[in-house]
Number of protein chains: 2
Amino acid sequence: MSIFWGKYPDIVIELDNIKKIIKENVKSSEKEFDEAISPLVNAGGKMLRPAFLLLAAKFGEYDPKKMQNLAAAIEMMHMATLVHDDVIDESKLRRGVETVQHKYSKEYAVYIGDFLFCQSFIMVSGFGYSTEILRDISKAISKICMGEIRQYNIRYMRNTSLKKYIKIISGKTAALFAISFYAGAKESNCNEKTSKLLGRVGYYIGMAFQIIDDLLDYSGDTNKLGKSAQSDLIKGYYTLPLIYAMTEDVNDEISTILDNSTLNDSDISKVIILVNKYNGIDKARNLADKYTKKAFEYIERLPNCESKEIIKDVSRKLLNRNF
Amino acid sequence: MSIFWGKYPDIVIELDNIKKIIKENVKSSEKEFDEAISPLVNAGGKMLRPAFLLLAAKFGEYDPKKMQNLAAAIEMMHMATLVHDDVIDESKLRRGVETVQHKYSKEYAVYIGDFLFCQSFIMVSGFGYSTEILRDISKAISKICMGEIRQYNIRYMRNTSLKKYIKIISGKTAALFAISFYAGAKESNCNEKTSKLLGRVGYYIGMAFQIIDDLLDYSGDTNKLGKSAQSDLIKGYYTLPLIYAMTEDVNDEISTILDNSTLNDSDISKVIILVNKYNGIDKARNLADKYTKKAFEYIERLPNCESKEIIKDVSRKLLNRNF
């Protein structure tokens, strides 16, 4: 977290504060439960959503306490979705830390996710936020669920369309980025135009971010990313580079490999080579670039202020990762 | 549902309407998802929480649409907790219908529960309910989570105290009954005194209801109840009749049986006989009676109206099930 935001010590201080707020709000009288939840909070990650919420809020009348509480709640909702995702994906590691479902049990992970959801809803229904924003946040979380369900439903399917993929990542990733920007602006009394503009910025950043994430599974250094590039393939999650490649792979070379009942290391290497051969990486990169461009177009339309420059700078950094 | 509420056709009509509201709010564009969720909605159960919410609301200025929407949301939250509980308990049946986790997968059940939670939060953040009530509802759901976690943490433990058991059922059952009554009253502009009184009624009904539920696992007709009386024991959930019996079982007869690595039918029968022998059933029944008595004391303190009489009547029916 501090490395990514290192250039902006004020933001680092605020994000540290948000971590404290999260810790206070997940405390319980159950020792085992606290032990399970605290590595999760400490792992942290880049804390993109809360940071973007604060940056968006600074376009309006910034109230640090009110905004940090809201940002903490949004991050907790994100954590809740991650914990439940790990149950589905049977992931062993997340942000370099052993997942709750692997260390304890799937059961425990279900409850911890639920608890994080509930606590975050308690937080957003305090502090006098508007009920409209509560509704918008609830809708965003619902979109995440639907995105995840759609993704789960089409596992192992070979004919996934670009449209389906876009719908999935709109829900599972872009919705929360969008609401983070929008809620920050709206609850700081920005006018509807600026709030919506910021919401769009969040949406496009989220889209580009997810495509790049999926791209790096086929082109990045897996050790560095801390998660296995193979895992999605084995679990039947076919993301954009593969979807693109399969449409050009008229002889079904990729599909034939995926038909194997198990996928060994050599199969995976072959798939990755074929995805490159059939332009899956390049085409995905092009689409990510389009969303990135859109994000910057919307950023340019924002009123000039320090926040705008920071959003530009970090988006550039975020959306140019490793390529 | 219609059998339990049969004496009150107006309530049956309202509960049918609540079912419709639930159906509208869980609709999605994903066919598979709709197929998974609709048996859940149709199974229904007694719909105690929404019915009690409406009855409490009728102590104030009753707004049918506003209250039915709130009641539907509360029932959806309850459904969400049931779906997630079934993941934990690996239950095959719920309300006579195959559970989502058994029919589809644990993974699917996690998402369906999450989706129900989200949709219900969207509903409660509409219709102009006060943010205080949203906060109270979120807190109640959080209490349910903590109750479930506590219950999960002490599985297979022989030294569970009465105090711990009470804490667990306060969270996992009584909290939602309490908020159903309280929210109905409060959002219908009842004064704080009446709202709180109704909240207490809900709490005591919830406590008695759960104790009776646990009791019936040791004394009821298991086929009729549609769930195995053995299941709790095998999974290490030791409820009140067993907790009471173990404190009198100084020679650890019960504990010795529970030490077996597997529990066969004969073991289970022996445990049930011992629970009877050591007064587990009688003592649990006494405690349920105490909570029932408390509930009726609070009901008596309510202003006189038709709702009060109905609450009295159905509570009598509910809390005298099978004994």
# chains A, B, ... in the order shown; residues from 1 in each chain; ligands from 1
$ closest_atom_pairs --of "chain B" --to "chain A" --cutoff "7 Å" --atoms "only C-alpha atoms" --output "CSV"
residue,atom,partner,partner_atom,distance
B:Val87,CA,A:Glu107,CA,7.0
B:Ile88,CA,A:Glu107,CA,5.1
B:Glu107,CA,A:Ile88,CA,5.1
B:Val110,CA,A:Val110,CA,7.0
B:Tyr111,CA,A:Cys145,CA,6.3
B:Asp114,CA,A:Cys145,CA,6.8
B:Phe115,CA,A:Cys145,CA,5.8
B:Cys118,CA,A:Ser142,CA,5.2
B:Gln119,CA,A:Ser142,CA,6.5
B:Phe121,CA,A:Ser138,CA,6.0
B:Ile122,CA,A:Arg135,CA,5.1
B:Ser125,CA,A:Arg135,CA,5.1
B:Gly126,CA,A:Arg135,CA,6.7
B:Thr131,CA,A:Ser125,CA,5.5
B:Leu134,CA,A:Ser125,CA,6.1
B:Arg135,CA,A:Ile122,CA,5.1
B:Ser138,CA,A:Ile122,CA,5.3
B:Lys139,CA,A:Ile122,CA,6.3
B:Ile141,CA,A:Cys118,CA,6.4
B:Ser142,CA,A:Cys118,CA,5.2
B:Cys145,CA,A:Phe115,CA,5.9
B:Ile149,CA,A:Tyr111,CA,6.7
$ select_by_dssp --residues "stretch 18-241 of chain B" --states "alpha helix (DSSP H)" --output "CSV table (one decimal) with C-alpha atoms, in the first residue's frame"
chain,number,residue,atom,x,y,z
B,18,ILE,CA,-44.8,-10.3,0.6
B,19,LYS,CA,-43.9,-13.5,-1.3
B,20,LYS,CA,-44.7,-11.7,-4.5
B,21,ILE,CA,-42.5,-8.7,-3.4
B,22,ILE,CA,-39.7,-11.2,-2.6
B,23,LYS,CA,-40.0,-12.8,-6.1
B,24,GLU,CA,-39.9,-9.5,-7.8
B,25,ASN,CA,-36.8,-8.6,-5.9
B,26,VAL,CA,-34.8,-11.7,-6.6
B,31,LYS,CA,-31.8,-18.4,-15.8
B,32,GLU,CA,-29.8,-20.9,-13.8
B,33,PHE,CA,-29.8,-18.5,-10.9
B,34,ASP,CA,-33.5,-18.0,-11.0
B,35,GLU,CA,-34.0,-21.7,-11.0
B,36,ALA,CA,-31.9,-22.1,-7.9
B,37,ILE,CA,-33.6,-19.3,-6.0
B,38,SER,CA,-37.2,-19.8,-6.7
B,39,PRO,CA,-37.8,-23.1,-4.8
B,40,LEU,CA,-36.4,-21.3,-1.8
B,41,VAL,CA,-39.0,-18.5,-2.1
B,42,ASN,CA,-41.8,-20.9,-2.8
B,43,ALA,CA,-41.0,-23.1,0.2
B,48,LEU,CA,-43.0,-15.6,11.2
B,49,ARG,CA,-40.7,-12.6,11.1
B,50,PRO,CA,-42.6,-10.7,8.3
B,51,ALA,CA,-46.0,-11.6,9.9
B,52,PHE,CA,-44.8,-10.3,13.3
B,53,LEU,CA,-43.4,-7.2,11.7
B,54,LEU,CA,-46.9,-6.4,10.2
B,55,LEU,CA,-48.6,-7.1,13.5
B,56,ALA,CA,-46.3,-4.8,15.3
B,57,ALA,CA,-46.7,-2.1,12.7
B,64,PRO,CA,-49.3,-1.5,4.0
B,65,LYS,CA,-46.9,-1.0,1.0
B,66,LYS,CA,-44.1,0.4,3.2
B,67,MET,CA,-44.4,-2.3,5.8
B,68,GLN,CA,-44.8,-5.2,3.4
B,69,ASN,CA,-41.6,-4.1,1.6
B,70,LEU,CA,-39.8,-4.0,4.9
B,71,ALA,CA,-41.2,-7.3,6.0
B,72,ALA,CA,-40.1,-8.8,2.6
B,73,ALA,CA,-36.6,-7.5,3.1
B,74,ILE,CA,-36.4,-9.0,6.6
B,75,GLU,CA,-37.6,-12.4,5.3
B,76,MET,CA,-35.0,-12.2,2.6
B,77,MET,CA,-32.3,-11.5,5.1
B,78,HIS,CA,-33.6,-14.5,7.1
B,79,MET,CA,-33.5,-16.6,3.9
B,80,ALA,CA,-29.9,-15.5,3.2
B,81,THR,CA,-28.8,-16.6,6.7
B,82,LEU,CA,-30.6,-20.0,6.1
B,83,VAL,CA,-28.8,-20.5,2.8
B,84,HIS,CA,-25.4,-19.8,4.4
B,85,ASP,CA,-26.3,-22.0,7.4
B,86,ASP,CA,-27.0,-24.8,5.0
B,87,VAL,CA,-23.5,-24.4,3.6
B,88,ILE,CA,-22.0,-24.8,7.1
B,89,ASP,CA,-24.3,-27.6,8.2
B,100,VAL,CA,-29.1,-24.9,-2.7
B,101,GLN,CA,-25.8,-26.2,-1.4
B,102,HIS,CA,-26.9,-29.8,-1.9
B,103,LYS,CA,-28.6,-29.4,-5.2
B,106,LYS,CA,-21.6,-24.8,-1.7
B,107,GLU,CA,-20.2,-22.2,-4.0
B,108,TYR,CA,-23.6,-21.4,-5.5
B,109,ALA,CA,-25.1,-21.2,-2.1
B,110,VAL,CA,-22.6,-18.6,-0.9
B,111,TYR,CA,-23.5,-16.4,-3.9
B,112,ILE,CA,-27.2,-16.8,-3.5
B,113,GLY,CA,-27.0,-15.9,0.2
B,114,ASP,CA,-24.9,-12.8,-0.7
B,115,PHE,CA,-27.3,-11.8,-3.4
B,116,LEU,CA,-30.3,-12.1,-1.1
B,117,PHE,CA,-28.5,-10.0,1.5
B,118,CYS,CA,-27.7,-7.3,-1.1
B,119,GLN,CA,-31.2,-7.2,-2.6
B,120,SER,CA,-32.7,-6.9,0.9
B,121,PHE,CA,-30.4,-4.0,1.7
B,122,ILE,CA,-31.5,-2.3,-1.6
B,123,MET,CA,-35.0,-2.7,-0.4
B,124,VAL,CA,-34.5,-1.3,3.1
B,131,THR,CA,-31.2,5.4,8.7
B,132,GLU,CA,-31.5,4.5,12.4
B,133,ILE,CA,-33.7,1.5,11.5
B,134,LEU,CA,-31.2,0.5,8.7
B,135,ARG,CA,-28.5,0.6,11.3
B,136,ASP,CA,-30.6,-1.5,13.8
B,137,ILE,CA,-31.4,-4.0,11.1
B,138,SER,CA,-27.7,-4.3,10.1
B,139,LYS,CA,-26.8,-4.7,13.7
B,140,ALA,CA,-29.3,-7.5,14.1
B,141,ILE,CA,-27.9,-9.4,11.1
B,142,SER,CA,-24.4,-8.9,12.5
B,143,LYS,CA,-25.6,-10.4,15.8
B,144,ILE,CA,-26.9,-13.4,13.8
B,145,CYS,CA,-23.5,-13.9,12.2
B,146,MET,CA,-21.7,-13.7,15.6
B,147,GLY,CA,-24.2,-16.1,17.1
B,148,GLU,CA,-23.5,-18.6,14.3
B,149,ILE,CA,-19.8,-18.1,14.6
B,150,ARG,CA,-19.9,-18.7,18.4
B,151,GLN,CA,-21.9,-21.8,17.8
B,152,TYR,CA,-19.4,-23.0,15.2
B,153,ASN,CA,-16.5,-22.3,17.5
B,162,LEU,CA,-25.9,-22.2,29.8
B,163,LYS,CA,-24.6,-18.7,29.5
B,164,LYS,CA,-22.8,-19.5,26.3
B,165,TYR,CA,-25.9,-21.2,24.8
B,166,ILE,CA,-28.1,-18.2,25.7
B,167,LYS,CA,-25.6,-15.8,24.1
B,168,ILE,CA,-25.6,-17.9,20.9
B,169,ILE,CA,-29.4,-18.2,20.6
B,175,ALA,CA,-32.1,-10.7,17.4
B,176,LEU,CA,-34.1,-11.0,14.2
B,177,PHE,CA,-37.4,-11.6,15.9
B,178,ALA,CA,-36.7,-8.5,18.1
B,179,ILE,CA,-35.9,-6.3,15.2
B,180,SER,CA,-38.9,-7.5,13.2
B,181,PHE,CA,-41.2,-6.3,16.0
B,182,TYR,CA,-39.2,-3.2,16.7
B,183,ALA,CA,-38.8,-2.0,13.1
B,184,GLY,CA,-42.5,-2.6,12.3
B,185,ALA,CA,-43.5,-0.5,15.3
B,186,LYS,CA,-40.9,2.2,14.9
B,192,GLU,CA,-40.3,4.6,21.6
B,193,LYS,CA,-42.0,3.0,24.6
B,194,THR,CA,-44.4,0.8,22.6
B,195,SER,CA,-41.7,0.1,20.0
B,196,LYS,CA,-39.3,-1.1,22.7
B,197,LEU,CA,-42.0,-3.2,24.4
B,198,LEU,CA,-42.7,-4.9,21.1
B,199,GLY,CA,-39.0,-5.4,20.6
B,200,ARG,CA,-38.8,-7.2,23.9
B,201,VAL,CA,-41.8,-9.3,23.0
B,202,GLY,CA,-40.0,-10.3,19.9
B,203,TYR,CA,-36.8,-11.1,21.8
B,204,TYR,CA,-38.6,-13.4,24.3
B,205,ILE,CA,-40.6,-15.1,21.6
B,206,GLY,CA,-37.4,-15.7,19.7
B,207,MET,CA,-35.6,-17.2,22.7
B,208,ALA,CA,-38.5,-19.5,23.6
B,209,PHE,CA,-38.9,-20.5,19.9
B,210,GLN,CA,-35.3,-21.5,19.6
B,211,ILE,CA,-35.2,-23.5,22.8
B,212,ILE,CA,-38.3,-25.4,21.7
B,213,ASP,CA,-36.7,-26.0,18.4
B,214,ASP,CA,-33.7,-27.5,20.0
B,215,LEU,CA,-35.9,-29.4,22.4
B,216,LEU,CA,-37.9,-31.0,19.6
B,217,ASP,CA,-34.7,-32.5,18.2
B,218,TYR,CA,-34.6,-34.7,21.3
B,219,SER,CA,-38.3,-35.3,21.8
B,222,THR,CA,-38.2,-36.2,13.4
B,223,ASN,CA,-40.0,-37.1,10.2
B,224,LYS,CA,-42.6,-34.6,10.9
B,225,LEU,CA,-40.0,-31.9,11.5
B,231,SER,CA,-27.7,-34.2,12.7
B,232,ASP,CA,-26.8,-31.6,15.3
B,233,LEU,CA,-25.1,-34.3,17.5
B,234,ILE,CA,-23.1,-35.7,14.6
B,240,LEU,CA,-29.7,-27.0,25.6
B,241,PRO,CA,-31.2,-30.4,26.5
$ residues_around --residues "B:Asp10" --least-positions-apart "2" --cutoff "12 Å" --atoms "only C-alpha atoms" --output "list in words"
Ser2, Trp5, Gly6, Lys7, Tyr8, Val12, Ile13, Glu14, Leu15, Asp16, Asn17, Ala51, Leu54, Leu55, Pro64, Ser307 and Ile310 of chain B
$ atom_distance --atom1 "atom CA of A:Asp282" --atom2 "atom CA of A:Ser261"
28.8 Å
$ select_by_dssp --residues "stretch 23-145 of chain A" --states "strand (DSSP E)" --output "list in words"
Leu93, Arg94, Val97 and Glu98 of chain A
$ write_last_selection --atoms "N, CA and C atoms" --output "PDB file, in the first residue's frame"
ATOM      1  N   LEU A  93      -3.877 -18.595  -1.317  1.00  0.00           N
ATOM      2  CA  LEU A  93      -3.226 -17.334  -0.959  1.00  0.00           C
ATOM      3  C   LEU A  93      -4.007 -16.155  -1.516  1.00  0.00           C
ATOM      4  N   ARG A  94      -3.983 -15.045  -0.791  1.00  0.00           N
ATOM      5  CA  ARG A  94      -4.585 -13.789  -1.248  1.00  0.00           C
ATOM      6  C   ARG A  94      -3.714 -12.680  -0.681  1.00  0.00           C
ATOM      7  N   VAL A  97      -1.104 -13.691   1.700  1.00  0.00           N
ATOM      8  CA  VAL A  97      -1.466 -14.217   3.015  1.00  0.00           C
ATOM      9  C   VAL A  97      -2.391 -15.424   2.811  1.00  0.00           C
ATOM     10  N   GLU A  98      -2.254 -16.420   3.679  1.00  0.00           N
ATOM     11  CA  GLU A  98      -3.092 -17.606   3.578  1.00  0.00           C
ATOM     12  C   GLU A  98      -4.569 -17.207   3.706  1.00  0.00           C
TER      13      GLU A  98
END
